[in-house]
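Participant: So here's run15.txt (compact mmCIF, N, CA and C atoms).
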```txt
# COMPACT_ATOMS: atom_id res chain seq x y z
N MET S 1 1.87 -31.54 -72.90
CA MET S 1 0.53 -32.06 -72.77
C MET S 1 -0.24 -31.19 -71.78
N VAL S 2 -1.49 -30.89 -72.12
CA VAL S 2 -2.34 -30.08 -71.28
C VAL S 2 -3.25 -30.99 -70.47
N ALA S 3 -3.27 -30.77 -69.18
CA ALA S 3 -4.15 -31.56 -68.31
C ALA S 3 -5.55 -30.97 -68.33
N THR S 4 -6.53 -31.84 -68.48
CA THR S 4 -7.92 -31.39 -68.46
C THR S 4 -8.69 -32.21 -67.45
N VAL S 5 -9.76 -31.63 -66.94
CA VAL S 5 -10.60 -32.35 -65.99
C VAL S 5 -11.35 -33.47 -66.68
N ALA S 6 -11.65 -33.30 -67.96
CA ALA S 6 -12.41 -34.31 -68.70
C ALA S 6 -11.61 -35.59 -68.90
N ASP S 7 -10.29 -35.51 -68.84
CA ASP S 7 -9.45 -36.66 -69.10
C ASP S 7 -8.48 -36.85 -67.93
N PRO S 8 -8.97 -37.34 -66.78
CA PRO S 8 -8.13 -37.43 -65.58
C PRO S 8 -6.96 -38.39 -65.71
N GLU S 9 -7.09 -39.42 -66.53
CA GLU S 9 -5.99 -40.39 -66.66
C GLU S 9 -4.75 -39.75 -67.27
N SER S 10 -4.94 -38.79 -68.18
CA SER S 10 -3.79 -38.18 -68.83
C SER S 10 -3.33 -36.92 -68.12
N SER S 11 -3.95 -36.60 -66.99
CA SER S 11 -3.59 -35.37 -66.30
C SER S 11 -2.72 -35.66 -65.09
N ARG S 12 -2.17 -34.62 -64.57
CA ARG S 12 -1.38 -34.73 -63.34
C ARG S 12 -2.13 -34.14 -62.16
N ILE S 13 -3.41 -33.94 -62.33
CA ILE S 13 -4.25 -33.41 -61.26
C ILE S 13 -4.63 -34.56 -60.34
N PRO S 14 -4.43 -34.42 -59.04
CA PRO S 14 -4.79 -35.50 -58.11
C PRO S 14 -6.29 -35.81 -58.19
N PRO S 15 -6.67 -37.09 -58.12
CA PRO S 15 -8.08 -37.48 -58.23
C PRO S 15 -9.04 -36.73 -57.31
N PRO S 16 -8.71 -36.46 -56.03
CA PRO S 16 -9.67 -35.71 -55.21
C PRO S 16 -9.93 -34.30 -55.77
N LEU S 17 -8.90 -33.67 -56.30
CA LEU S 17 -9.05 -32.34 -56.87
C LEU S 17 -9.88 -32.39 -58.15
N ILE S 18 -9.75 -33.45 -58.91
CA ILE S 18 -10.54 -33.62 -60.13
C ILE S 18 -12.03 -33.66 -59.78
N ASP S 19 -12.39 -34.38 -58.71
CA ASP S 19 -13.79 -34.44 -58.29
C ASP S 19 -14.31 -33.06 -57.90
N ILE S 20 -13.48 -32.29 -57.18
CA ILE S 20 -13.88 -30.95 -56.78
C ILE S 20 -14.06 -30.06 -58.00
N LEU S 21 -13.14 -30.14 -58.95
CA LEU S 21 -13.23 -29.32 -60.17
C LEU S 21 -14.45 -29.70 -61.00
N ARG S 22 -14.74 -30.96 -61.10
CA ARG S 22 -15.93 -31.40 -61.85
C ARG S 22 -17.21 -30.86 -61.20
N ALA S 23 -17.29 -30.95 -59.88
CA ALA S 23 -18.47 -30.47 -59.17
C ALA S 23 -18.62 -28.96 -59.36
N ALA S 24 -17.52 -28.23 -59.26
CA ALA S 24 -17.58 -26.77 -59.40
C ALA S 24 -17.96 -26.38 -60.81
N SER S 25 -17.39 -27.05 -61.80
CA SER S 25 -17.68 -26.66 -63.19
C SER S 25 -19.09 -27.02 -63.60
N SER S 26 -19.66 -28.07 -63.01
CA SER S 26 -21.03 -28.43 -63.36
C SER S 26 -22.03 -27.49 -62.69
N ALA S 27 -21.66 -26.92 -61.55
CA ALA S 27 -22.56 -26.03 -60.83
C ALA S 27 -22.44 -24.58 -61.30
N MET S 28 -21.30 -24.20 -61.83
CA MET S 28 -21.07 -22.82 -62.22
C MET S 28 -21.66 -22.55 -63.60
N LYS S 29 -22.45 -21.50 -63.68
CA LYS S 29 -23.09 -21.14 -64.93
C LYS S 29 -22.43 -19.88 -65.49
N PRO S 30 -22.50 -19.68 -66.79
CA PRO S 30 -21.90 -18.47 -67.36
C PRO S 30 -22.70 -17.24 -66.95
N GLY S 31 -22.03 -16.13 -66.82
CA GLY S 31 -22.69 -14.88 -66.47
C GLY S 31 -23.43 -14.31 -67.68
N VAL S 32 -24.73 -14.18 -67.57
CA VAL S 32 -25.54 -13.62 -68.66
C VAL S 32 -25.36 -12.10 -68.64
N PRO S 33 -24.93 -11.53 -69.78
CA PRO S 33 -24.75 -10.07 -69.81
C PRO S 33 -26.09 -9.35 -69.68
N VAL S 34 -26.16 -8.42 -68.73
CA VAL S 34 -27.36 -7.61 -68.54
C VAL S 34 -26.97 -6.16 -68.33
N ILE S 35 -27.91 -5.29 -68.63
CA ILE S 35 -27.77 -3.87 -68.36
C ILE S 35 -28.39 -3.64 -66.98
N LEU S 36 -27.76 -2.83 -66.16
CA LEU S 36 -28.23 -2.65 -64.79
C LEU S 36 -29.71 -2.29 -64.70
N ARG S 37 -30.21 -1.49 -65.61
CA ARG S 37 -31.62 -1.09 -65.52
C ARG S 37 -32.57 -2.25 -65.75
N GLU S 38 -32.05 -3.38 -66.28
CA GLU S 38 -32.87 -4.58 -66.46
C GLU S 38 -33.06 -5.35 -65.15
N LEU S 39 -32.26 -5.02 -64.15
CA LEU S 39 -32.32 -5.74 -62.88
C LEU S 39 -33.31 -5.09 -61.93
N GLU S 40 -34.57 -5.29 -62.20
CA GLU S 40 -35.62 -4.83 -61.31
C GLU S 40 -36.41 -6.05 -60.88
N PRO S 41 -37.11 -5.99 -59.77
CA PRO S 41 -37.81 -7.17 -59.24
C PRO S 41 -38.74 -7.87 -60.23
N SER S 42 -39.27 -7.16 -61.21
CA SER S 42 -40.18 -7.80 -62.17
C SER S 42 -39.44 -8.49 -63.33
N SER S 43 -38.13 -8.31 -63.40
CA SER S 43 -37.33 -8.88 -64.49
C SER S 43 -37.13 -10.39 -64.30
N GLU S 44 -37.05 -11.11 -65.42
CA GLU S 44 -36.78 -12.56 -65.34
C GLU S 44 -35.36 -12.84 -64.87
N MET S 45 -34.48 -11.85 -64.96
CA MET S 45 -33.09 -12.02 -64.52
C MET S 45 -32.95 -11.78 -63.01
N PHE S 46 -33.97 -11.21 -62.39
CA PHE S 46 -33.92 -10.87 -60.97
C PHE S 46 -34.40 -12.07 -60.16
N LYS S 47 -33.52 -13.10 -60.10
CA LYS S 47 -33.83 -14.32 -59.36
C LYS S 47 -32.64 -14.69 -58.49
N GLN S 48 -32.93 -15.28 -57.37
CA GLN S 48 -31.89 -15.72 -56.45
C GLN S 48 -30.93 -16.67 -57.16
N GLY S 49 -29.63 -16.37 -57.09
CA GLY S 49 -28.61 -17.25 -57.64
C GLY S 49 -28.37 -17.13 -59.13
N THR S 50 -29.08 -16.23 -59.82
CA THR S 50 -28.86 -16.06 -61.25
C THR S 50 -27.43 -15.60 -61.50
N SER S 51 -26.76 -16.22 -62.44
CA SER S 51 -25.40 -15.85 -62.78
C SER S 51 -25.43 -14.73 -63.82
N LEU S 52 -24.85 -13.58 -63.47
CA LEU S 52 -24.94 -12.40 -64.31
C LEU S 52 -23.57 -11.79 -64.61
N ARG S 53 -23.53 -11.03 -65.71
CA ARG S 53 -22.38 -10.19 -66.05
C ARG S 53 -22.89 -8.76 -66.11
N VAL S 54 -22.40 -7.91 -65.22
CA VAL S 54 -22.87 -6.53 -65.13
C VAL S 54 -21.71 -5.57 -65.33
N THR S 55 -22.03 -4.41 -65.86
CA THR S 55 -21.02 -3.40 -66.14
C THR S 55 -21.54 -2.04 -65.67
N GLY S 56 -20.67 -1.27 -65.07
CA GLY S 56 -21.06 0.07 -64.64
C GLY S 56 -19.86 0.84 -64.11
N ASN S 57 -20.09 2.09 -63.79
CA ASN S 57 -19.04 2.94 -63.23
C ASN S 57 -19.03 2.82 -61.71
N LEU S 58 -17.83 2.73 -61.16
CA LEU S 58 -17.69 2.57 -59.71
C LEU S 58 -18.10 3.86 -59.01
N GLN S 59 -19.09 3.73 -58.17
CA GLN S 59 -19.61 4.87 -57.42
C GLN S 59 -18.92 4.97 -56.06
N SER S 60 -18.79 3.81 -55.37
CA SER S 60 -18.15 3.81 -54.06
C SER S 60 -17.52 2.45 -53.78
N HIS S 61 -16.60 2.45 -52.82
CA HIS S 61 -15.89 1.23 -52.44
C HIS S 61 -15.66 1.24 -50.94
N ASP S 62 -16.21 0.26 -50.25
CA ASP S 62 -16.01 0.12 -48.80
C ASP S 62 -14.96 -0.97 -48.59
N VAL S 63 -13.78 -0.57 -48.18
CA VAL S 63 -12.66 -1.50 -48.02
C VAL S 63 -12.95 -2.54 -46.95
N ASP S 64 -13.58 -2.14 -45.85
CA ASP S 64 -13.84 -3.05 -44.74
C ASP S 64 -14.80 -4.18 -45.12
N SER S 65 -15.87 -3.85 -45.81
CA SER S 65 -16.86 -4.87 -46.19
C SER S 65 -16.58 -5.49 -47.56
N ALA S 66 -15.65 -4.90 -48.33
CA ALA S 66 -15.33 -5.33 -49.69
C ALA S 66 -16.53 -5.22 -50.63
N VAL S 67 -17.41 -4.27 -50.33
CA VAL S 67 -18.58 -4.04 -51.18
C VAL S 67 -18.35 -2.77 -51.99
N VAL S 68 -18.55 -2.87 -53.29
CA VAL S 68 -18.50 -1.71 -54.16
C VAL S 68 -19.91 -1.46 -54.69
N VAL S 69 -20.16 -0.26 -55.13
CA VAL S 69 -21.42 0.08 -55.77
C VAL S 69 -21.09 0.57 -57.16
N ILE S 70 -21.68 -0.10 -58.17
CA ILE S 70 -21.52 0.36 -59.54
C ILE S 70 -22.82 1.01 -59.97
N GLN S 71 -22.69 1.93 -60.92
CA GLN S 71 -23.86 2.69 -61.35
C GLN S 71 -23.85 2.82 -62.86
N ASP S 72 -25.07 2.78 -63.40
CA ASP S 72 -25.27 3.03 -64.83
C ASP S 72 -26.49 3.94 -64.92
N GLY S 73 -26.25 5.21 -65.23
CA GLY S 73 -27.35 6.17 -65.22
C GLY S 73 -27.85 6.34 -63.81
N SER S 74 -29.15 6.15 -63.60
CA SER S 74 -29.74 6.32 -62.27
C SER S 74 -29.85 5.01 -61.50
N VAL S 75 -29.38 3.92 -62.09
CA VAL S 75 -29.50 2.59 -61.46
C VAL S 75 -28.15 2.17 -60.90
N SER S 76 -28.18 1.61 -59.68
CA SER S 76 -26.94 1.15 -59.07
C SER S 76 -27.11 -0.27 -58.54
N LEU S 77 -25.98 -0.93 -58.31
CA LEU S 77 -25.98 -2.30 -57.80
C LEU S 77 -24.80 -2.47 -56.87
N LYS S 78 -25.05 -3.12 -55.74
CA LYS S 78 -23.97 -3.47 -54.82
C LYS S 78 -23.30 -4.74 -55.33
N VAL S 79 -21.97 -4.78 -55.19
CA VAL S 79 -21.20 -5.95 -55.61
C VAL S 79 -20.26 -6.34 -54.48
N ASP S 80 -20.38 -7.58 -54.01
CA ASP S 80 -19.50 -8.12 -52.98
C ASP S 80 -18.24 -8.62 -53.67
N THR S 81 -17.10 -8.00 -53.37
CA THR S 81 -15.85 -8.32 -54.07
C THR S 81 -14.86 -9.09 -53.19
N ARG S 82 -15.31 -9.64 -52.07
CA ARG S 82 -14.36 -10.25 -51.12
C ARG S 82 -13.60 -11.43 -51.71
N HIS S 83 -14.10 -12.08 -52.75
CA HIS S 83 -13.41 -13.24 -53.32
C HIS S 83 -12.48 -12.85 -54.48
N LEU S 84 -12.42 -11.59 -54.80
CA LEU S 84 -11.57 -11.14 -55.92
C LEU S 84 -10.18 -10.81 -55.42
N ARG S 85 -9.21 -11.08 -56.26
CA ARG S 85 -7.82 -10.78 -55.95
C ARG S 85 -7.23 -9.95 -57.09
N ASP S 86 -6.20 -9.19 -56.74
CA ASP S 86 -5.44 -8.42 -57.72
C ASP S 86 -6.30 -7.47 -58.55
N ILE S 87 -7.20 -6.78 -57.89
CA ILE S 87 -7.99 -5.76 -58.56
C ILE S 87 -8.01 -4.53 -57.66
N SER S 88 -7.70 -3.40 -58.24
CA SER S 88 -7.76 -2.15 -57.48
C SER S 88 -8.93 -1.34 -58.01
N PHE S 89 -9.55 -0.60 -57.12
CA PHE S 89 -10.75 0.14 -57.48
C PHE S 89 -10.50 1.63 -57.48
N GLN S 90 -11.03 2.29 -58.51
CA GLN S 90 -10.96 3.74 -58.62
C GLN S 90 -12.35 4.27 -58.91
N THR S 91 -12.78 5.21 -58.10
CA THR S 91 -14.09 5.82 -58.30
C THR S 91 -14.18 6.41 -59.71
N ASN S 92 -15.35 6.25 -60.31
CA ASN S 92 -15.68 6.74 -61.66
C ASN S 92 -15.03 5.95 -62.79
N SER S 93 -14.32 4.88 -62.47
CA SER S 93 -13.81 4.00 -63.52
C SER S 93 -14.87 2.95 -63.83
N ALA S 94 -14.83 2.41 -65.05
CA ALA S 94 -15.78 1.38 -65.46
C ALA S 94 -15.26 0.01 -65.03
N TYR S 95 -16.19 -0.83 -64.54
CA TYR S 95 -15.85 -2.20 -64.12
C TYR S 95 -16.91 -3.16 -64.62
N GLN S 96 -16.47 -4.39 -64.84
CA GLN S 96 -17.40 -5.46 -65.19
C GLN S 96 -17.20 -6.58 -64.18
N PHE S 97 -18.33 -7.15 -63.73
CA PHE S 97 -18.29 -8.23 -62.75
C PHE S 97 -19.15 -9.38 -63.24
N ILE S 98 -18.69 -10.60 -62.94
CA ILE S 98 -19.48 -11.80 -63.19
C ILE S 98 -19.66 -12.49 -61.85
N GLY S 99 -20.91 -12.84 -61.55
CA GLY S 99 -21.17 -13.49 -60.28
C GLY S 99 -22.64 -13.86 -60.14
N GLU S 100 -23.00 -14.24 -58.94
CA GLU S 100 -24.35 -14.70 -58.66
C GLU S 100 -25.12 -13.64 -57.87
N LEU S 101 -26.38 -13.46 -58.24
CA LEU S 101 -27.22 -12.46 -57.62
C LEU S 101 -27.82 -13.02 -56.33
N LEU S 102 -27.63 -12.29 -55.24
CA LEU S 102 -28.22 -12.65 -53.96
C LEU S 102 -29.28 -11.61 -53.64
N ILE S 103 -30.50 -12.06 -53.38
CA ILE S 103 -31.62 -11.15 -53.14
C ILE S 103 -32.09 -11.30 -51.70
N HIS S 104 -32.10 -10.19 -50.99
CA HIS S 104 -32.58 -10.17 -49.61
C HIS S 104 -34.10 -10.05 -49.61
N PRO S 105 -34.75 -10.37 -48.49
CA PRO S 105 -36.23 -10.34 -48.43
C PRO S 105 -36.85 -9.00 -48.83
N ASP S 106 -36.11 -7.90 -48.64
CA ASP S 106 -36.65 -6.59 -49.01
C ASP S 106 -36.38 -6.22 -50.47
N ASN S 107 -36.00 -7.23 -51.29
CA ASN S 107 -35.66 -7.06 -52.71
C ASN S 107 -34.39 -6.25 -52.92
N ASP S 108 -33.58 -6.09 -51.89
CA ASP S 108 -32.27 -5.47 -52.02
C ASP S 108 -31.33 -6.55 -52.57
N ALA S 109 -30.68 -6.26 -53.68
CA ALA S 109 -29.84 -7.26 -54.33
C ALA S 109 -28.36 -6.90 -54.22
N ILE S 110 -27.54 -7.94 -54.18
CA ILE S 110 -26.09 -7.77 -54.21
C ILE S 110 -25.52 -8.88 -55.07
N LEU S 111 -24.57 -8.53 -55.91
CA LEU S 111 -23.92 -9.53 -56.75
C LEU S 111 -22.71 -10.08 -56.02
N GLN S 112 -22.64 -11.38 -55.85
CA GLN S 112 -21.48 -12.04 -55.24
C GLN S 112 -20.49 -12.30 -56.37
N ALA S 113 -19.52 -11.41 -56.54
CA ALA S 113 -18.62 -11.46 -57.69
C ALA S 113 -17.60 -12.59 -57.57
N ARG S 114 -17.41 -13.30 -58.67
CA ARG S 114 -16.32 -14.28 -58.75
C ARG S 114 -15.27 -13.84 -59.74
N ILE S 115 -15.62 -12.89 -60.61
CA ILE S 115 -14.67 -12.30 -61.57
C ILE S 115 -14.95 -10.81 -61.62
N GLY S 116 -13.90 -10.03 -61.67
CA GLY S 116 -14.04 -8.59 -61.80
C GLY S 116 -12.88 -8.04 -62.59
N ARG S 117 -13.16 -7.01 -63.39
CA ARG S 117 -12.08 -6.39 -64.15
C ARG S 117 -12.41 -4.94 -64.44
N ASN S 118 -11.35 -4.17 -64.59
CA ASN S 118 -11.50 -2.78 -64.96
C ASN S 118 -11.89 -2.74 -66.43
N PHE S 119 -12.86 -1.90 -66.75
CA PHE S 119 -13.37 -1.82 -68.12
C PHE S 119 -13.20 -0.42 -68.69
N ASP S 120 -12.24 0.33 -68.16
CA ASP S 120 -11.97 1.67 -68.69
C ASP S 120 -11.63 1.58 -70.17
N GLY S 121 -12.03 2.57 -70.90
CA GLY S 121 -11.77 2.60 -72.34
C GLY S 121 -12.92 2.05 -73.15
N LEU S 122 -13.86 1.39 -72.48
CA LEU S 122 -15.03 0.85 -73.17
C LEU S 122 -16.09 1.93 -73.31
N ASP S 123 -16.67 2.06 -74.47
CA ASP S 123 -17.78 2.97 -74.68
C ASP S 123 -19.03 2.27 -74.15
N LEU S 124 -19.48 2.65 -72.94
CA LEU S 124 -20.59 1.96 -72.29
C LEU S 124 -21.89 2.08 -73.08
N ASN S 125 -22.11 3.20 -73.74
CA ASN S 125 -23.32 3.35 -74.56
C ASN S 125 -23.32 2.38 -75.73
N LEU S 126 -22.18 2.26 -76.40
CA LEU S 126 -22.07 1.32 -77.52
C LEU S 126 -22.21 -0.12 -77.01
N TYR S 127 -21.60 -0.42 -75.87
CA TYR S 127 -21.70 -1.76 -75.27
C TYR S 127 -23.16 -2.11 -74.99
N GLN S 128 -23.92 -1.17 -74.43
CA GLN S 128 -25.32 -1.42 -74.14
C GLN S 128 -26.14 -1.60 -75.41
N ARG S 129 -25.84 -0.83 -76.43
CA ARG S 129 -26.54 -1.01 -77.71
C ARG S 129 -26.28 -2.40 -78.27
N CYS S 130 -25.04 -2.86 -78.15
CA CYS S 130 -24.69 -4.21 -78.64
C CYS S 130 -25.43 -5.28 -77.85
N LEU S 131 -25.54 -5.09 -76.53
CA LEU S 131 -26.28 -6.06 -75.71
C LEU S 131 -27.74 -6.11 -76.12
N LEU S 132 -28.34 -4.98 -76.39
CA LEU S 132 -29.75 -4.96 -76.81
C LEU S 132 -29.93 -5.67 -78.15
N ILE S 133 -29.02 -5.44 -79.08
CA ILE S 133 -29.09 -6.12 -80.38
C ILE S 133 -28.93 -7.62 -80.18
N ARG S 134 -28.01 -8.02 -79.31
CA ARG S 134 -27.82 -9.45 -79.03
C ARG S 134 -29.08 -10.07 -78.44
N GLN S 135 -29.71 -9.38 -77.49
CA GLN S 135 -30.93 -9.89 -76.88
C GLN S 135 -32.05 -10.03 -77.90
N GLN S 136 -32.17 -9.06 -78.80
CA GLN S 136 -33.19 -9.12 -79.85
C GLN S 136 -32.93 -10.32 -80.76
N TYR S 137 -31.66 -10.53 -81.12
CA TYR S 137 -31.30 -11.66 -81.97
C TYR S 137 -31.61 -12.98 -81.28
N GLU S 138 -31.24 -13.10 -79.99
CA GLU S 138 -31.49 -14.34 -79.26
C GLU S 138 -32.98 -14.61 -79.13
N ALA S 139 -33.78 -13.57 -78.91
CA ALA S 139 -35.24 -13.74 -78.82
C ALA S 139 -35.80 -14.21 -80.16
N LYS S 140 -35.32 -13.63 -81.24
CA LYS S 140 -35.77 -14.01 -82.58
C LYS S 140 -35.37 -15.46 -82.88
N LEU S 141 -34.15 -15.82 -82.53
CA LEU S 141 -33.67 -17.18 -82.75
C LEU S 141 -34.49 -18.19 -81.95
N LEU S 142 -34.78 -17.85 -80.71
CA LEU S 142 -35.56 -18.73 -79.85
C LEU S 142 -36.97 -18.91 -80.41
N SER S 143 -37.60 -17.84 -80.87
CA SER S 143 -38.95 -17.95 -81.40
C SER S 143 -38.98 -18.73 -82.71
N SER S 144 -37.92 -18.62 -83.52
CA SER S 144 -37.88 -19.38 -84.78
C SER S 144 -37.68 -20.87 -84.51
N ARG S 145 -37.00 -21.21 -83.43
CA ARG S 145 -36.81 -22.63 -83.08
C ARG S 145 -38.09 -23.26 -82.55
N ARG S 146 -38.95 -22.44 -81.95
CA ARG S 146 -40.20 -22.94 -81.43
C ARG S 146 -41.24 -23.14 -82.53
N ALA S 147 -41.08 -22.40 -83.61
CA ALA S 147 -42.07 -22.47 -84.72
C ALA S 147 -41.92 -23.72 -85.55
```
For this file, produce the structure as structure tokens.
Facilitator:
Amino acid sequence: MVATVADPESSRIPPPLIDILRAASSAMKPGVPVILRELEPSSEMFKQGTSLRVTGNLQSHDVDSAVVVIQDGSVSLKVDTRHLRDISFQTNSAYQFIGELLIHPDNDAILQARIGRNFDGLDLNLYQRCLLIRQQYEAKLLSSRRA
């Protein structure tokens, strides 16, 4: 039998932990896939606390602060990785992170990562083309629902 948060009576999860899991799952949003160049201050995705999924090549890694910088073309993003475990970083390797965007008053942004993984072997150009097609489809679907 699989224990689920939705069915606490049939689970072996202690009731206090069930409450914590319910609160966390209701507050946590899925990471919306974005291309780094879309993350500019005028973008609708550039909002405090927005949950994002970003992909890029590792430019640098500061072990002391646990901050990495990923880059896609001429655009880069800082990623706070202090909550990640069992991930090793290699410069020039591709990585994908899911987390919440934190924006400082000077519009300097950093992604507070909750998930990170090595994405080597992925064709980043093809991945970006797929994301653009997906965004076009979602926009078309949304406009057809409004009509």
Participant: Between S:Thr55, S:Gln135, S:Thr91, S:Thr81, which has the minimum distance to S:Asp123 (counting only C-alpha atoms)?
Facilitator: S:Thr55
Participant: By how many Å are atom CA of S:Arg129 and atom N of S:Ile87 apart?
Facilitator: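 Separation of atom CA of S:Arg129 and atom N of S:Ile87: 28.3 Å.
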Participant: Atom CA of S:Leu122 and atom C of S:Asn57 are how many Å apart?
Facilitator: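 Rounded to one decimal, the two atoms are 12.3 Å apart.
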Participant: One decimal, in Å: what's the spacing between atom C of S:Glu100 and atom C of S:Gln71?
Facilitator: 17.2 Å
Participant: So which one's closest to S:Lys78, S:Ile110, S:Met45, S:Leu126, S:Ile35? Using all atoms listed in the file, please.
Facilitator: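 Of all the options, S:Ile110 lies closest to S:Lys78.
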Participant: Enumerate, as a ChimeraX atom specification, the complete set of residues in chain S that a backbone-based DSSP assignment places in strand (DSSP E or B).
Facilitator: /S:32-33,51-62,67-72,75-80,94-103,109-118
Participant: Write out as a ChimeraX atom specification each polymer residue whose atoms come within 8 Å of S:Phe46, counting only N, CA and C atoms; drop sequence neighbours fewer than 6 positions from it.
Facilitator: /S:38-40,101,103
Participant: Calculated over only C-alpha atoms, which of the candidates S:Asp120, S:Asp108, S:Glu138, S:Glu44 has the smallest distance to S:Ser76?
Facilitator: S:Asp108
Participant: Let me make sure I understand: among S:Gly121, S:Gly56, S:Gly31, S:Gly73, which one has the smallest atom-to-atom distance to S:Tyr95 if we use all atoms listed in the file?
Facilitator: S:Gly56
Participant: According to DSSP computed on the backbone, where in chain S is there helix (DSSP H, G or I)? Give the residues as a ChimeraX atom specification.
Facilitator: /S:8-10,15-27,36-38,124-146
Participant: I want to know what sits within 7 Å of S:Gln59, based on all atoms listed in the file, with residues of the same chain fewer than 6 positions away left out; could you give that as an mmCIF file with N, CA and C atoms, in the coordinates of the input?
Facilitator:
```cif
data_model
loop_
_atom_site.group_PDB
_atom_site.id
_atom_site.type_symbol
_atom_site.label_atom_id
_atom_site.label_comp_id
_atom_site.auth_asym_id
_atom_site.auth_seq_id
_atom_site.Cartn_x
_atom_site.Cartn_y
_atom_site.Cartn_z
ATOM 1 N N VAL S 68 -18.550 -2.870 -53.290
ATOM 2 C CA VAL S 68 -18.500 -1.710 -54.160
ATOM 3 C C VAL S 68 -19.910 -1.460 -54.690
ATOM 4 N N VAL S 69 -20.160 -0.260 -55.130
ATOM 5 C CA VAL S 69 -21.420 0.080 -55.770
ATOM 6 C C VAL S 69 -21.090 0.570 -57.160
ATOM 7 N N ILE S 70 -21.680 -0.100 -58.170
ATOM 8 C CA ILE S 70 -21.520 0.360 -59.540
ATOM 9 C C ILE S 70 -22.820 1.010 -59.970
ATOM 10 N N GLN S 71 -22.690 1.930 -60.920
ATOM 11 C CA GLN S 71 -23.860 2.690 -61.350
ATOM 12 C C GLN S 71 -23.850 2.820 -62.860
ATOM 13 N N GLN S 90 -11.030 2.290 -58.510
ATOM 14 C CA GLN S 90 -10.960 3.740 -58.620
ATOM 15 C C GLN S 90 -12.350 4.270 -58.910
ATOM 16 N N THR S 91 -12.780 5.210 -58.100
ATOM 17 C CA THR S 91 -14.090 5.820 -58.300
ATOM 18 C C THR S 91 -14.180 6.410 -59.710
ATOM 19 N N ASN S 92 -15.350 6.250 -60.310
ATOM 20 C CA ASN S 92 -15.680 6.740 -61.660
ATOM 21 C C ASN S 92 -15.030 5.950 -62.790
ATOM 22 N N SER S 93 -14.320 4.880 -62.470
ATOM 23 C CA SER S 93 -13.810 4.000 -63.520
ATOM 24 C C SER S 93 -14.870 2.950 -63.830
#
```
Participant: Excluding S:Gly116 and residues on its chain fewer than 3 positions from it, collect all residues at most 9 Å away from it, counting only C-alpha atoms, and give them as an mmCIF file with N, CA and C atoms, in the frame of the given file.
Facilitator:
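Generated file (result02.cif):
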```cif
data_model
loop_
_atom_site.group_PDB
_atom_site.id
_atom_site.type_symbol
_atom_site.label_atom_id
_atom_site.label_comp_id
_atom_site.auth_asym_id
_atom_site.auth_seq_id
_atom_site.Cartn_x
_atom_site.Cartn_y
_atom_site.Cartn_z
ATOM 1 N N THR S 81 -17.100 -8.000 -53.370
ATOM 2 C CA THR S 81 -15.850 -8.320 -54.070
ATOM 3 C C THR S 81 -14.860 -9.090 -53.190
ATOM 4 N N LEU S 84 -12.420 -11.590 -54.800
ATOM 5 C CA LEU S 84 -11.570 -11.140 -55.920
ATOM 6 C C LEU S 84 -10.180 -10.810 -55.420
ATOM 7 N N ARG S 85 -9.210 -11.080 -56.260
ATOM 8 C CA ARG S 85 -7.820 -10.780 -55.950
ATOM 9 C C ARG S 85 -7.230 -9.950 -57.090
ATOM 10 N N ILE S 87 -7.200 -6.780 -57.890
ATOM 11 C CA ILE S 87 -7.990 -5.760 -58.560
ATOM 12 C C ILE S 87 -8.010 -4.530 -57.660
ATOM 13 N N TYR S 95 -16.190 -0.830 -64.540
ATOM 14 C CA TYR S 95 -15.850 -2.200 -64.120
ATOM 15 C C TYR S 95 -16.910 -3.160 -64.620
ATOM 16 N N GLN S 96 -16.470 -4.390 -64.840
ATOM 17 C CA GLN S 96 -17.400 -5.460 -65.190
ATOM 18 C C GLN S 96 -17.200 -6.580 -64.180
ATOM 19 N N PHE S 97 -18.330 -7.150 -63.730
ATOM 20 C CA PHE S 97 -18.290 -8.230 -62.750
ATOM 21 C C PHE S 97 -19.150 -9.380 -63.240
ATOM 22 N N ILE S 98 -18.690 -10.600 -62.940
ATOM 23 C CA ILE S 98 -19.480 -11.800 -63.190
ATOM 24 C C ILE S 98 -19.660 -12.490 -61.850
ATOM 25 N N GLY S 99 -20.910 -12.840 -61.550
ATOM 26 C CA GLY S 99 -21.170 -13.490 -60.280
ATOM 27 C C GLY S 99 -22.640 -13.860 -60.140
ATOM 28 N N ALA S 113 -19.520 -11.410 -56.540
ATOM 29 C CA ALA S 113 -18.620 -11.460 -57.690
ATOM 30 C C ALA S 113 -17.600 -12.590 -57.570
#
```
Participant: Starting from 8 Å padding per side, set up an axis-aligned box that covers all listed atoms of stretch 74-89 of chain S and hand over centre and edge lengths in Å, one decimal, as lines of an AutoDock Vina configuration file.
Facilitator:
```
center_x = -17.6
center_y = -3.5
center_z = -57.4
size_x = 40.4
size_y = 35.6
size_z = 28.5
```
Participant: Counting only C-alpha atoms, which residue out of S:Ser144, S:Gln112, S:Ser43, S:Ser51 sits closest to S:Arg82?
Facilitator: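 The shortest atom-to-atom distance to S:Arg82 comes from S:Gln112.
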